[in-house]
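Q: I'm passing along structure28.csv; it holds CSV, C-alpha atoms and all ligand atoms.
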chain,number,residue,atom,x,y,z
Y,1,MET,CA,161.2,116.6,149.5
Y,2,ASP,CA,161.3,116.1,145.7
Y,3,ASP,CA,159.0,115.0,142.9
Y,4,THR,CA,159.4,111.3,143.7
Y,5,GLN,CA,158.7,111.7,147.4
Y,6,PHE,CA,155.7,113.9,146.5
Y,7,GLU,CA,154.4,111.3,144.2
Y,8,ALA,CA,154.8,108.7,146.9
Y,9,ARG,CA,152.6,110.8,149.1
Y,10,ILE,CA,150.0,111.0,146.4
Y,11,GLU,CA,150.3,107.3,145.9
Y,12,ALA,CA,149.7,106.6,149.6
Y,13,GLY,CA,146.5,108.7,149.4
Y,14,GLU,CA,147.9,111.4,151.7
Y,15,SER,CA,146.2,114.8,151.8
Y,16,ILE,CA,148.4,117.6,150.5
Y,17,GLU,CA,148.1,120.7,152.7
Y,18,PRO,CA,149.0,124.4,151.9
Y,19,LYS,CA,152.3,124.4,153.8
Y,20,ASP,CA,153.5,121.1,152.4
Y,21,TRP,CA,156.1,121.0,149.6
Y,22,MET,CA,154.6,120.6,146.2
Y,23,PRO,CA,155.9,120.7,142.6
Y,24,GLU,CA,155.4,124.1,140.9
Y,25,ARG,CA,153.3,122.4,138.2
Y,26,TYR,CA,151.0,120.9,140.8
Y,27,ARG,CA,150.4,124.4,142.3
Y,28,LYS,CA,149.9,126.0,138.9
Y,29,GLN,CA,147.5,123.4,137.7
Y,30,LEU,CA,145.4,123.7,140.9
Y,31,ILE,CA,145.3,127.5,140.7
Y,32,ARG,CA,144.2,127.2,137.1
Y,33,MET,CA,141.5,124.7,137.8
Y,34,MET,CA,140.2,126.0,141.2
Y,35,SER,CA,140.1,129.7,140.1
Y,36,GLN,CA,138.2,128.7,136.9
Y,37,HIS,CA,135.8,126.7,139.1
Y,38,ALA,CA,135.4,129.7,141.5
Y,39,HIS,CA,134.7,132.1,138.6
Y,40,SER,CA,132.1,129.7,137.2
Y,41,GLU,CA,130.2,129.6,140.4
Y,42,VAL,CA,130.1,133.4,140.5
Y,43,VAL,CA,129.3,134.0,136.8
Y,44,GLY,CA,126.7,131.2,137.1
Y,45,MET,CA,124.6,133.4,139.4
Y,46,LEU,CA,124.0,135.8,136.5
Y,47,PRO,CA,121.8,133.9,134.1
Y,48,GLU,CA,119.7,132.6,137.0
Y,49,GLY,CA,119.5,135.9,138.9
Y,50,ASN,CA,117.9,137.2,135.8
Y,51,TRP,CA,114.8,135.2,136.7
Y,52,ILE,CA,114.4,135.9,140.5
Y,53,THR,CA,112.0,138.8,140.1
Y,54,ARG,CA,110.0,136.9,137.5
Y,55,ALA,CA,109.7,133.5,139.2
Y,56,PRO,CA,106.2,132.2,138.8
Y,57,SER,CA,105.3,131.6,142.4
Y,58,LEU,CA,106.7,132.3,145.9
Y,59,ARG,CA,107.8,128.7,146.3
Y,60,ARG,CA,109.8,129.0,143.1
Y,61,LYS,CA,111.2,132.4,144.1
Y,62,ILE,CA,112.5,131.3,147.5
Y,63,GLY,CA,114.0,128.2,145.9
Y,64,LEU,CA,115.8,130.1,143.2
Y,65,LEU,CA,116.9,132.9,145.5
Y,66,SER,CA,118.5,130.4,147.9
Y,67,LYS,CA,120.2,128.5,145.0
Y,68,VAL,CA,121.7,131.7,143.7
Y,69,GLN,CA,122.9,132.6,147.2
Y,70,ASP,CA,124.5,129.1,147.5
Y,71,GLU,CA,126.4,129.6,144.3
Y,72,GLY,CA,127.8,132.8,145.7
Y,73,GLY,CA,128.9,130.8,148.7
Y,74,HIS,CA,130.5,128.2,146.5
Y,75,GLY,CA,132.5,130.9,144.8
Y,76,LEU,CA,133.7,132.1,148.2
Y,77,TYR,CA,134.7,128.6,149.4
Y,78,LEU,CA,136.7,128.2,146.2
Y,79,TYR,CA,138.4,131.6,146.2
Y,80,ALA,CA,139.4,131.0,149.9
Y,81,ALA,CA,140.8,127.5,148.9
Y,82,THR,CA,142.6,129.0,145.9
Y,83,GLU,CA,144.2,131.7,148.1
Y,84,THR,CA,145.9,129.0,150.1
Y,85,LEU,CA,148.1,128.3,147.0
Y,86,GLY,CA,149.6,131.8,147.3
Y,87,VAL,CA,147.5,133.9,144.9
Y,88,SER,CA,145.6,136.9,146.3
Y,89,ARG,CA,141.8,137.2,146.2
Y,90,ASP,CA,142.3,140.6,144.5
Y,91,GLU,CA,144.4,139.0,141.7
Y,92,LEU,CA,141.7,136.4,141.1
Y,93,ILE,CA,138.8,138.9,141.0
Y,94,GLU,CA,140.9,141.3,138.8
Y,95,ALA,CA,141.4,138.5,136.3
Y,96,LEU,CA,137.7,137.9,136.1
Y,97,LEU,CA,136.8,141.5,135.7
Y,98,ASP,CA,139.4,142.3,133.0
Y,99,GLY,CA,138.1,139.3,131.0
Y,100,SER,CA,141.4,137.3,131.2
Y,101,ALA,CA,140.1,134.6,133.4
Y,102,LYS,CA,138.2,131.6,132.0
Y,103,TYR,CA,135.0,130.3,133.4
Y,104,SER,CA,132.5,127.7,132.4
Y,105,ALA,CA,131.3,128.3,128.8
Y,106,MET,CA,127.7,127.5,129.7
Y,107,PHE,CA,127.1,130.7,131.4
Y,108,ASN,CA,127.6,132.6,128.1
Y,109,TYR,CA,124.3,131.1,126.9
Y,110,PRO,CA,121.1,133.1,127.5
Y,111,THR,CA,118.1,132.1,129.7
Y,112,PRO,CA,115.2,133.3,127.6
Y,113,SER,CA,112.4,131.4,129.5
Y,114,TRP,CA,111.5,130.3,133.0
Y,115,ALA,CA,112.0,126.7,131.8
Y,116,ASP,CA,115.7,127.4,131.3
Y,117,ILE,CA,116.0,127.7,135.1
Y,118,GLY,CA,114.6,124.2,135.4
Y,119,ALA,CA,116.9,122.9,132.7
Y,120,ILE,CA,120.0,124.5,134.2
Y,121,GLY,CA,119.3,123.1,137.7
Y,122,TRP,CA,118.6,119.7,136.4
Y,123,LEU,CA,121.3,119.3,133.7
Y,124,ILE,CA,124.0,121.8,134.5
Y,125,ASP,CA,124.0,121.4,138.2
Y,126,GLY,CA,123.4,117.7,137.7
Y,127,ALA,CA,126.5,117.5,135.5
Y,128,ALA,CA,128.5,119.7,138.0
Y,129,ILE,CA,127.6,117.3,140.9
Y,130,VAL,CA,129.1,114.4,139.0
Y,131,ASN,CA,132.3,116.3,138.5
Y,132,GLN,CA,132.3,117.7,142.1
Y,133,THR,CA,131.6,114.4,143.7
Y,134,MET,CA,134.8,113.0,142.1
Y,135,LEU,CA,136.7,116.1,143.4
Y,136,THR,CA,135.7,115.3,147.1
Y,137,ASP,CA,138.5,112.8,146.8
Y,138,CYS,CA,141.0,115.2,145.4
Y,139,SER,CA,144.6,115.1,146.7
Y,140,TYR,CA,144.7,118.8,147.7
Y,141,GLY,CA,143.1,119.2,151.2
Y,142,PRO,CA,141.5,122.7,150.9
Y,143,TYR,CA,140.0,121.8,147.4
Y,144,LYS,CA,138.6,118.5,148.7
Y,145,ARG,CA,137.1,120.2,151.8
Y,146,ALA,CA,135.4,122.9,149.7
Y,147,MET,CA,134.0,120.2,147.4
Y,148,ILE,CA,132.5,118.3,150.3
Y,149,ARG,CA,130.6,121.4,151.4
Y,150,ILE,CA,129.5,122.2,147.9
Y,151,CYS,CA,128.2,118.7,147.2
Y,152,LYS,CA,126.0,118.8,150.2
Y,153,GLU,CA,124.3,121.8,148.8
Y,154,GLU,CA,124.2,120.8,145.1
Y,155,ASN,CA,121.7,118.0,145.4
Y,156,ALA,CA,119.0,120.5,146.3
Y,157,HIS,CA,119.8,122.5,143.2
Y,158,GLN,CA,119.4,119.5,140.9
Y,159,ARG,CA,116.1,118.4,142.5
Y,160,GLN,CA,114.8,122.0,142.3
Y,161,GLY,CA,115.6,122.1,138.6
Y,162,TYR,CA,114.1,118.6,137.9
Y,163,GLU,CA,110.9,119.6,139.8
Y,164,ILE,CA,110.6,122.7,137.6
Y,165,VAL,CA,111.0,120.8,134.4
Y,166,THR,CA,108.6,118.0,135.6
Y,167,THR,CA,105.9,120.5,136.5
Y,168,LEU,CA,106.1,122.2,133.1
Y,169,ALA,CA,106.3,118.8,131.3
Y,170,ARG,CA,103.1,117.8,133.0
Y,171,GLY,CA,101.4,121.1,132.4
Y,172,THR,CA,99.6,122.6,129.4
Y,173,GLU,CA,100.9,122.0,125.8
Y,174,THR,CA,102.6,125.4,125.8
Y,175,GLN,CA,104.3,124.6,129.1
Y,176,ARG,CA,105.4,121.2,127.9
Y,177,ARG,CA,106.9,122.8,124.8
Y,178,MET,CA,108.7,125.4,126.9
Y,179,ALA,CA,110.3,122.6,129.0
Y,180,GLN,CA,111.3,120.7,125.8
Y,181,GLU,CA,112.8,123.8,124.2
Y,182,ALA,CA,114.8,124.6,127.3
Y,183,VAL,CA,116.2,121.1,127.5
Y,184,ASP,CA,117.1,121.4,123.8
Y,185,ARG,CA,119.2,124.4,124.7
Y,186,TRP,CA,121.0,122.9,127.7
Y,187,TYR,CA,121.6,119.2,126.8
Y,188,TRP,CA,124.7,119.8,124.7
Y,189,PRO,CA,126.3,122.4,127.0
Y,190,ALA,CA,125.8,120.0,129.9
Y,191,LEU,CA,127.7,117.3,128.0
Y,192,THR,CA,130.6,119.7,127.2
Y,193,LEU,CA,130.9,120.6,130.9
Y,194,PHE,CA,133.0,117.5,131.4
Y,195,GLY,CA,135.7,118.8,129.0
Y,196,PRO,CA,137.3,117.3,125.9
Y,197,HIS,CA,137.3,113.6,125.2
Y,198,ASP,CA,140.1,111.7,127.0
Y,199,ALA,CA,142.1,111.3,123.8
Y,200,ASP,CA,142.2,115.1,123.3
Y,201,SER,CA,142.6,116.3,126.9
Y,202,LYS,CA,146.0,117.8,127.3
Y,203,ASN,CA,145.7,118.3,131.1
Y,204,SER,CA,144.1,115.0,132.1
Y,205,ASP,CA,147.2,112.7,132.5
Y,206,GLU,CA,148.9,115.1,134.8
Y,207,LEU,CA,145.8,115.8,136.9
Y,208,THR,CA,145.2,112.0,137.2
Y,209,ARG,CA,148.8,111.2,138.1
Y,210,TRP,CA,148.6,113.8,140.9
Y,211,GLY,CA,145.3,112.6,142.3
Y,212,ILE,CA,143.5,115.8,141.5
Y,213,LYS,CA,141.2,114.0,139.2
Y,214,ARG,CA,140.2,110.4,140.0
Y,215,LYS,CA,138.0,109.7,136.9
Y,216,SER,CA,138.4,110.7,133.3
Y,217,ASN,CA,136.2,113.2,131.5
Y,218,ASP,CA,134.6,110.5,129.4
Y,219,GLU,CA,133.9,108.3,132.4
Y,220,LEU,CA,132.2,111.1,134.2
Y,221,ARG,CA,130.2,112.0,131.1
Y,222,GLN,CA,129.0,108.4,130.8
Y,223,TRP,CA,128.0,108.3,134.5
Y,224,PHE,CA,126.0,111.5,133.9
Y,225,MET,CA,124.3,110.1,130.8
Y,226,ASN,CA,123.2,107.0,132.7
Y,227,ARG,CA,121.7,109.1,135.4
Y,228,VAL,CA,119.8,111.7,133.2
Y,229,VAL,CA,118.4,109.6,130.4
Y,230,PRO,CA,116.0,107.7,132.6
Y,231,GLN,CA,115.1,110.9,134.4
Y,232,ALA,CA,114.1,112.5,131.0
Y,233,LYS,CA,112.2,109.4,130.0
Y,234,ALA,CA,110.2,109.4,133.3
Y,235,ILE,CA,108.7,112.8,132.4
Y,236,GLY,CA,108.4,112.4,128.7
Y,237,ILE,CA,111.2,114.8,127.7
Y,238,GLU,CA,113.5,114.0,124.8
Y,239,PHE,CA,117.1,114.9,124.4
Y,240,PRO,CA,118.0,116.6,121.1
Y,241,ASP,CA,120.5,113.9,120.2
Y,242,PRO,CA,119.7,111.7,117.2
Y,243,GLY,CA,122.7,109.5,118.1
Y,244,LEU,CA,121.4,108.7,121.6
Y,245,HIS,CA,121.1,105.0,122.1
Y,246,TYR,CA,121.3,102.2,124.7
Y,247,ASP,CA,124.4,100.0,124.5
Y,248,GLU,CA,123.1,96.5,125.3
Y,249,THR,CA,126.5,95.1,125.9
Y,250,SER,CA,127.8,97.6,128.5
Y,251,GLY,CA,124.4,98.7,129.8
Y,252,ASP,CA,125.2,102.4,129.1
Y,253,TRP,CA,123.3,105.2,127.5
Y,254,ARG,CA,125.5,106.6,124.7
Y,255,HIS,CA,125.3,110.1,123.3
Y,256,GLY,CA,126.0,111.1,119.7
Y,257,PRO,CA,129.0,113.2,118.5
Y,258,ILE,CA,129.6,116.5,120.4
Y,259,ASP,CA,130.1,119.7,118.3
Y,260,TRP,CA,133.4,120.8,119.9
Y,261,ASP,CA,133.9,123.7,117.5
Y,262,GLU,CA,130.8,125.4,118.9
Y,263,PHE,CA,132.1,124.7,122.5
Y,264,ARG,CA,135.5,126.2,121.7
Y,265,ARG,CA,133.9,129.2,120.1
Y,266,VAL,CA,131.8,129.9,123.2
Y,267,LEU,CA,134.7,129.3,125.5
Y,268,ALA,CA,136.9,131.7,123.6
Y,269,GLY,CA,134.4,134.4,124.4
Y,270,SER,CA,132.2,134.6,121.4
Y,271,GLY,CA,129.1,133.2,123.2
Y,272,PRO,CA,125.9,135.1,123.0
Y,273,CYS,CA,126.3,136.6,126.5
Y,274,ASN,CA,130.0,136.8,127.1
Y,275,ARG,CA,130.3,140.5,127.1
Y,276,ASP,CA,127.1,141.0,129.2
Y,277,ARG,CA,128.3,138.6,131.9
Y,278,ILE,CA,131.6,140.4,132.4
Y,279,GLU,CA,129.9,143.8,132.2
Y,280,ALA,CA,127.4,142.7,134.9
Y,281,ARG,CA,130.2,141.5,137.2
Y,282,ARG,CA,132.2,144.7,136.6
Y,283,SER,CA,129.3,147.0,137.4
Y,284,ALA,CA,128.3,145.0,140.5
Y,285,HIS,CA,131.9,145.3,141.6
Y,286,GLU,CA,132.0,149.0,141.0
Y,287,ASP,CA,128.6,149.7,142.5
Y,288,GLY,CA,129.7,147.9,145.6
Y,289,ALA,CA,132.9,149.9,146.0
Y,290,TRP,CA,131.4,152.4,148.5
Y,291,VAL,CA,130.4,149.5,150.8
Y,292,ARG,CA,133.9,148.2,150.8
Y,293,GLU,CA,135.3,151.7,151.4
Y,294,ALA,CA,132.8,152.4,154.2
Y,295,ALA,CA,133.6,149.1,155.9
Y,296,ALA,CA,137.4,149.8,155.8
Y,297,ALA,CA,136.9,153.4,157.0
Y,298,TYR,CA,134.7,152.2,159.9
Y,299,GLU,CA,137.3,149.7,161.0
Y,300,ALA,CA,140.1,152.3,160.7
Y,301,LYS,CA,138.2,154.6,162.9
Y,302,ARG,CA,137.5,152.0,165.5
Y,303,ARG,CA,141.2,151.2,165.7
Y,304,GLU,CA,142.1,154.9,166.0
Y,305,ARG,CA,139.6,155.2,168.9
Y,306,ALA,CA,141.0,152.1,170.6
Y,307,ALA,CA,144.6,153.3,170.3
P,1,MET,CA,137.8,150.7,140.8
P,2,SER,CA,138.7,151.5,144.4
P,3,GLU,CA,142.2,151.0,145.8
P,4,THR,CA,141.1,149.8,149.3
P,5,ALA,CA,143.5,147.2,150.7
P,6,GLU,CA,142.4,143.6,150.7
P,7,TRP,CA,140.3,142.8,153.8
P,8,PRO,CA,142.0,140.6,156.5
P,9,LEU,CA,141.4,136.9,156.5
P,10,TRP,CA,139.4,135.2,159.3
P,11,GLU,CA,139.1,131.5,160.1
P,12,VAL,CA,135.6,130.3,160.8
P,13,PHE,CA,134.7,127.6,163.4
P,14,VAL,CA,131.3,126.1,163.6
P,15,GLN,CA,129.7,124.4,166.6
P,16,ALA,CA,127.1,122.0,165.2
P,17,LYS,CA,125.2,121.5,168.4
P,18,GLU,CA,125.2,122.7,172.0
P,19,GLY,CA,128.1,121.2,174.0
P,20,ALA,CA,129.9,120.0,170.9
P,21,ALA,CA,133.4,121.1,169.9
P,22,HIS,CA,133.8,123.9,167.4
P,23,GLN,CA,135.2,122.7,164.1
P,24,HIS,CA,137.1,124.6,161.4
P,25,ALA,CA,134.8,125.2,158.5
P,26,GLY,CA,136.8,127.6,156.2
P,27,SER,CA,137.7,131.2,156.0
P,28,VAL,CA,136.2,134.6,155.1
P,29,ARG,CA,137.6,138.0,154.3
P,30,ALA,CA,136.1,140.9,156.2
P,31,ALA,CA,137.0,144.5,157.3
P,32,ASP,CA,136.2,144.0,161.0
P,33,ARG,CA,135.1,141.4,163.5
P,34,GLU,CA,131.3,142.1,163.3
P,35,LEU,CA,131.4,141.8,159.5
P,36,ALA,CA,133.5,138.7,159.7
P,37,LEU,CA,130.8,137.1,161.8
P,38,GLN,CA,128.1,138.2,159.4
P,39,HIS,CA,130.0,136.9,156.4
P,40,ALA,CA,130.7,133.6,158.3
P,41,ARG,CA,127.0,133.2,158.9
P,42,ASP,CA,126.1,133.9,155.3
P,43,THR,CA,128.9,131.6,154.0
P,44,TYR,CA,129.1,128.7,156.4
P,45,ALA,CA,125.7,128.7,158.2
P,46,ARG,CA,123.1,128.8,155.4
P,47,ARG,CA,121.8,125.3,156.5
P,48,PRO,CA,121.7,123.7,159.9
P,49,PRO,CA,123.1,122.3,162.0
P,50,VAL,CA,124.8,125.4,163.4
P,51,PHE,CA,124.6,126.3,167.1
P,52,SER,CA,127.3,128.9,167.3
P,53,LEU,CA,130.2,130.4,165.3
P,54,TRP,CA,133.7,131.7,166.1
P,55,VAL,CA,135.7,133.9,163.8
P,56,VAL,CA,139.4,134.2,164.6
P,57,PRO,CA,141.9,136.4,162.7
P,58,SER,CA,144.0,134.0,160.6
P,59,GLU,CA,147.2,135.6,161.6
P,60,ALA,CA,146.5,134.8,165.3
P,61,ILE,CA,146.6,131.1,164.6
P,62,VAL,CA,149.9,129.3,165.3
P,63,ALA,CA,150.1,126.0,163.4
P,64,SER,CA,152.7,123.2,163.5
P,65,ALA,CA,154.3,122.9,160.1
P,66,GLY,CA,153.5,119.7,158.2
P,67,ARG,CA,157.2,118.8,158.2
P,68,ASP,CA,157.4,119.0,162.0
P,69,ARG,CA,155.0,116.1,162.1
P,70,GLU,CA,157.6,113.4,163.1
P,71,GLU,CA,159.6,115.3,165.7
P,72,LEU,CA,156.5,116.8,167.2
P,73,PHE,CA,154.1,113.8,167.4
P,74,ASP,CA,156.2,110.6,167.0
P,75,PRO,CA,157.4,110.5,170.7
P,76,ALA,CA,153.7,110.0,171.7
P,77,ASP,CA,153.8,106.6,170.0
P,78,ASP,CA,155.9,105.0,172.6
P,79,LYS,CA,154.1,106.4,175.6
P,80,VAL,CA,152.0,103.3,176.1
P,81,TYR,CA,151.5,104.2,179.8
P,82,ARG,CA,149.0,106.9,178.6
P,83,HIS,CA,146.6,104.2,177.6
P,84,PRO,CA,144.3,102.3,179.9
P,85,GLN,CA,145.5,98.9,178.5
P,86,PHE,CA,148.9,99.5,180.0
P,87,TYR,CA,147.6,99.0,183.5
P,88,ARG,CA,146.8,95.5,184.9
P,89,VAL,CA,143.6,94.6,186.7
P,90,PRO,CA,143.1,91.3,188.6
P,91,ARG,CA,141.4,88.6,186.7
P,92,GLY,CA,137.6,88.6,186.9
P,93,VAL,CA,137.3,92.2,188.0
P,94,ARG,CA,135.2,94.3,185.7
P,95,GLY,CA,134.9,98.0,185.5
P,96,PRO,CA,138.2,99.8,185.8
G,401,FE,FE,127.6,125.6,142.8
G,402,FE,FE,124.5,124.6,142.0
Would you mind writing the file out in structure tokens?

A:
Amino acid sequence: MDDTQFEARIEAGESIEPKDWMPERYRKQLIRMMSQHAHSEVVGMLPEGNWITRAPSLRRKIGLLSKVQDEGGHGLYLYAATETLGVSRDELIEALLDGSAKYSAMFNYPTPSWADIGAIGWLIDGAAIVNQTMLTDCSYGPYKRAMIRICKEENAHQRQGYEIVTTLARGTETQRRMAQEAVDRWYWPALTLFGPHDADSKNSDELTRWGIKRKSNDELRQWFMNRVVPQAKAIGIEFPDPGLHYDETSGDWRHGPIDWDEFRRVLAGSGPCNRDRIEARRSAHEDGAWVREAAAAYEAKRRERAA
Amino acid sequence: MSETAEWPLWEVFVQAKEGAAHQHAGSVRAADRELALQHARDTYARRPPVFSLWVVPSEAIVASAGRDREELFDPADDKVYRHPQFYRVPRGVRGP
């Protein structure tokens, strides 16, 4: 097997499985992309977990609790899928804890009000679904299968978020303002979630050629815009985007220019909560060490007895 | 940070309803079989339909390598006598 034969397999729409031959670059790109995705699911639990104990009702609390649990599960599906490429789970976790791993820049923004939970579910999970739906058709089998599981669960997250924002938007004036301010905070991060514009994306060509990505960043971003703008209008919420307009000829909702410098700054680790997030992960990992040790000791003892 | 070795890997199989075949869902890492089952439940059975779960140590699974595909499965292609259409039935008879 060589590169040409491999590309023929991709061309034919075959699913690449862990034991199949693959170019080293393909493996590297997948490890980079999938581990980043796994870390984002895990770190994403932190800004939301922050609100579980303060959810305004039991209905909201069970909803949020189960969403956060799902995100932990998504992290696990993805770590397991990444491991099939020959990296160990320990290496992946280690990279997250020592701060060398990248994850979605959004999670470095704070969640100062309950309305942020609504805006995150609606806009961030909503943007993630668009991306993940595309990946259910990805050429790497384990990644594709993890995405199919994840997508089945994400829709509940987005609807939960939209319901929260809707309820606030239809509430008192203070509540409406809370909803609007949260949307003001999350609109631009949601748009950056799709990554740089096609013209500036250094990984895109390769990822598309290998069937990892089936749509470009800008196409996905446009698809997302067309979905969320009418949703916002339906509940009287505005996006903080003076350039937002309807393109009569193409029938698309167009966004204004994105501030990429801000995005890169947050991604590089100078976001408001970057240090907190990693600290929280690290202490959760250390606080749980005794559980891992006890489980290992228990199994060692059982084996000893059985021997 | 502790120096405990990485937990072993388990493959998880989910039976969606009574009488159905178990299907591979994914994998988990766990120190022992009970915990593997717990983790499998938390990870792969948060929503129905799930009737039962199996966890199997990954190292116990023997798989055909992708590249064996042709040698292993191609010969089945010309065994037409394994299919019902191979056998003739008198005209007008229905059923068999
Ligand atoms: Fe998720
Ligand atoms: Fe989600």

Q: Select, counting only C-alpha atoms, all protein, DNA and RNA residues no farther than 7 Å from (130.2, 126.4, 155.1) in file coordinates, and express the selection as a short mmCIF file (atom, residue, chain, number, x, y, z; two decimals) with C-alpha atoms, in the coordinates of the input.

A:
data_model
loop_
_atom_site.label_atom_id
_atom_site.label_comp_id
_atom_site.auth_asym_id
_atom_site.auth_seq_id
_atom_site.Cartn_x
_atom_site.Cartn_y
_atom_site.Cartn_z
CA ARG Y 149 130.60 121.40 151.40
CA ALA P 25 134.80 125.20 158.50
CA GLY P 26 136.80 127.60 156.20
CA THR P 43 128.90 131.60 154.00
CA TYR P 44 129.10 128.70 156.40
CA ALA P 45 125.70 128.70 158.20
#

Q: From the set P:Pro57, P:Val50, P:Ser64, P:His22, which residue has the shortest atom-to-atom contact distance to chain Y, counting all atoms listed in the file?

A: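 Going through P:Pro57, P:Val50, P:Ser64, P:His22 one by one, the smallest distance to chain Y is for P:Ser64.
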
Q: Grab the CA of Ala169 in chain Y to CA of Gln231 in chain Y distance for me, in Å with one decimal place.

A: 12.2 Å

Q: So what do you get for CA of Tyr187 in chain Y versus CA of Phe263 in chain Y, distance-wise?

A: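 Separation between CA of Tyr187 in chain Y and CA of Phe263 in chain Y: 12.6 Å.
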
Q: Hey, list the chain Y side of the contact with chain P: 8 Å cut-off, all atoms listed in the file, answer as a PyMOL selection string.

A: chain Y and resi 17+19-20+73+76-77+80+89-90+286+289+292-293+295-296+299

Q: For CA of Arg282 in chain Y and CA of Ile148 in chain Y, quote the distance in Å rounded to one decimal.

A: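 Spanning CA of Arg282 in chain Y to CA of Ile148 in chain Y is a straight-line distance of 29.7 Å.
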
Q: All residues within 9 Å of ligand FE 401 (chain G) are required, counting all atoms listed in the file; please report them as a list in words.

A: Ala38, Ser40, Glu41, Val42, Gly44, Lys67, Val68, Asp70, Glu71, Gly72, Gly73, His74, Gly75, Asp125, Ala128, Ile129, Ile150, Cys151, Glu153, Glu154 and His157 of chain Y

Q: As a VMD selection string, please: the residues near Val165 in chain Y (cut-off 10 Å, only C-alpha atoms, same-chain neighbours under 3 positions excluded).

A: chain Y and resid 114 to 122 159 to 162 168 to 171 175 to 176 178 to 180 182 to 183 232 235 237

Q: Rank Y:Pro257, Y:Pro142, Y:Pro110, Y:Gly126 by their smallest atom-to-atom distance to ligand FE 402 (chain G), using all atoms listed in the file, and report the top residue only.

A: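 Between Y:Pro257, Y:Pro142, Y:Pro110, Y:Gly126, the residue approaching ligand FE 402 (chain G) most closely is Y:Gly126.
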
Q: Taking 6 positions as the minimum chain separation for residues in the same chain, which residues sit within 12 Å of Met1 in chain Y when counting only C-alpha atoms? Answer as a PyMOL selection string.

A: (chain Y and resi 7-9+20-23) or (chain P and resi 67)

Q: Could you tell me which of Y:Leu207, Y:Tyr109, Y:Thr167, Y:Gln158 comes closest to Leu64 in chain Y if we count all atoms listed in the file?

A: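 Closest residue, counting all atoms listed in the file: Y:Gln158.
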
Q: From the block I gave, I'd like range 54-65 of chain Y written with N, CA and C atoms, as a compact mmCIF listing (two decimals), in the first residue's frame.

A:
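File written: out.txt
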# COMPACT_ATOMS: atom_id res chain seq x y z
N ARG Y 54 -26.49 26.14 41.00
CA ARG Y 54 -27.28 27.39 41.06
C ARG Y 54 -28.36 27.45 39.99
N ALA Y 55 -28.66 26.30 39.38
CA ALA Y 55 -29.70 26.28 38.34
C ALA Y 55 -31.01 26.74 38.97
N PRO Y 56 -31.81 27.54 38.21
CA PRO Y 56 -32.98 28.16 38.82
C PRO Y 56 -34.15 27.23 39.16
N SER Y 57 -34.17 26.01 38.66
CA SER Y 57 -35.26 25.10 39.02
C SER Y 57 -34.75 23.67 38.90
N LEU Y 58 -35.55 22.73 39.38
CA LEU Y 58 -35.13 21.34 39.29
C LEU Y 58 -35.08 20.88 37.83
N ARG Y 59 -36.06 21.35 37.05
CA ARG Y 59 -36.06 21.01 35.62
C ARG Y 59 -34.76 21.45 34.93
N ARG Y 60 -34.33 22.66 35.27
CA ARG Y 60 -33.09 23.19 34.68
C ARG Y 60 -31.88 22.41 35.18
N LYS Y 61 -31.95 22.03 36.47
CA LYS Y 61 -30.80 21.36 37.08
C LYS Y 61 -30.59 19.97 36.47
N ILE Y 62 -31.66 19.18 36.35
CA ILE Y 62 -31.48 17.83 35.78
C ILE Y 62 -31.03 17.93 34.32
N GLY Y 63 -31.56 18.92 33.62
CA GLY Y 63 -31.17 19.09 32.21
C GLY Y 63 -29.69 19.40 32.08
N LEU Y 64 -29.23 20.35 32.90
CA LEU Y 64 -27.83 20.76 32.81
C LEU Y 64 -26.89 19.64 33.28
N LEU Y 65 -27.30 18.99 34.36
CA LEU Y 65 -26.49 17.90 34.90
C LEU Y 65 -26.30 16.82 33.84
